[in-house]
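Report on one structure; see the data block that follows.
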Amino acid sequence: QRGQSKGISATFHFTFTGSEIRRATVKIRKQEIEVFEGIEGKSQIAIFADSDAWLKFLSRDISFLYAAITLKIKVWPGWLLKFSKCFPS
């Protein structure tokens, strides 16, 4: 959601494993988001996640702590929390 991304200017590289294998680049700048198939350019953060766990995290069905402990999501938590605020449930 546009208003939720205020103040975020970053490029994220995602590598999803599990039931839906995919690599993607997400750029958030000036409250706009661009999504690219594959890895493009340089990122501030790389996120490695099981695709099912990622969707559960975004919908707040599981916590970041649980996902990190079970190694379902691997990322520095500060950026992940900023990213997840763009997708309120």
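Note on naming: chains are A, B, ... as they come in the structure tokens, residues start from 1 per chain, ligands start from 1 in the order shown.
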
Problem set entry | strand (DSSP E) call set, DSSP backbone run, chain A, as a PyMOL selection string | chain A and resi 10-17+22-29+32-37+45-50+73-74

Exercise. Which parts of chain A does DSSP call helix (DSSP H, G or I) when run on the backbone here, written out as a PyMOL selection string?
Worked result: chain A and resi 2-5+51-58+64-69+77-84

Problem set entry | Non-local contacts of Val75 (chain A) (12 Å; only C-alpha atoms; under 2 positions in same chain excluded) as a count of residues only | 25

For this session: Find the residues near Gly7 (chain A): any atom within 9 Å, counting only C-alpha atoms, skip ones fewer than 2 places away on the same chain, and give them as JSON, numbers by chain.
Result: {"A": [4, 5, 9, 29, 30, 31]}

For this session: Go through A:Asp52, A:Thr11, A:Phe16, A:Tyr66 and flag the residue nearest Phe36 (chain A), using only C-alpha atoms for the distances.
Result: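 Checking each candidate against Phe36 (chain A), we get A:Thr11 as the closest.
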
Problem set entry | Atomic distance CA of Ser51 (chain A) - CA of Ser19 (chain A), expressed in Å with one decimal | 6.5 Å

Exercise. Which of these residues is nearest to Ala10 (chain A), using only C-alpha atoms: A:Arg23, A:Lys42, A:Lys74, A:Lys56?
Worked result: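 Checking each of A:Arg23, A:Lys42, A:Lys74, A:Lys56 against Ala10 (chain A), counting only C-alpha atoms, the winner is A:Lys42.
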
Problem set entry | Which residue of A:Ala53, A:Lys6, A:Glu37, A:Ser43 approaches Arg22 (chain A) most closely, using only C-alpha atoms |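 Answer, going by the shortest atom-to-atom distance: A:Glu37.
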
For this session: Can you work out the spacing between CA of Glu40 (chain A) and CA of Thr25 (chain A) in Å, to one decimal?
Result: 6.1 Å

Exercise. Expressed in Å to a single decimal, how great is the separation between CA of Ile62 (chain A) and CA of Asp50 (chain A)?
Worked result: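 About the pair CA of Ile62 (chain A) and CA of Asp50 (chain A): they are 12.6 Å apart.
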
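Shortest atom-to-atom contact with Val26 (chain A) among A:Trp76, A:Gly3, A:Ser59, A:Ile39: A:Ile39, counting only C-alpha atoms.
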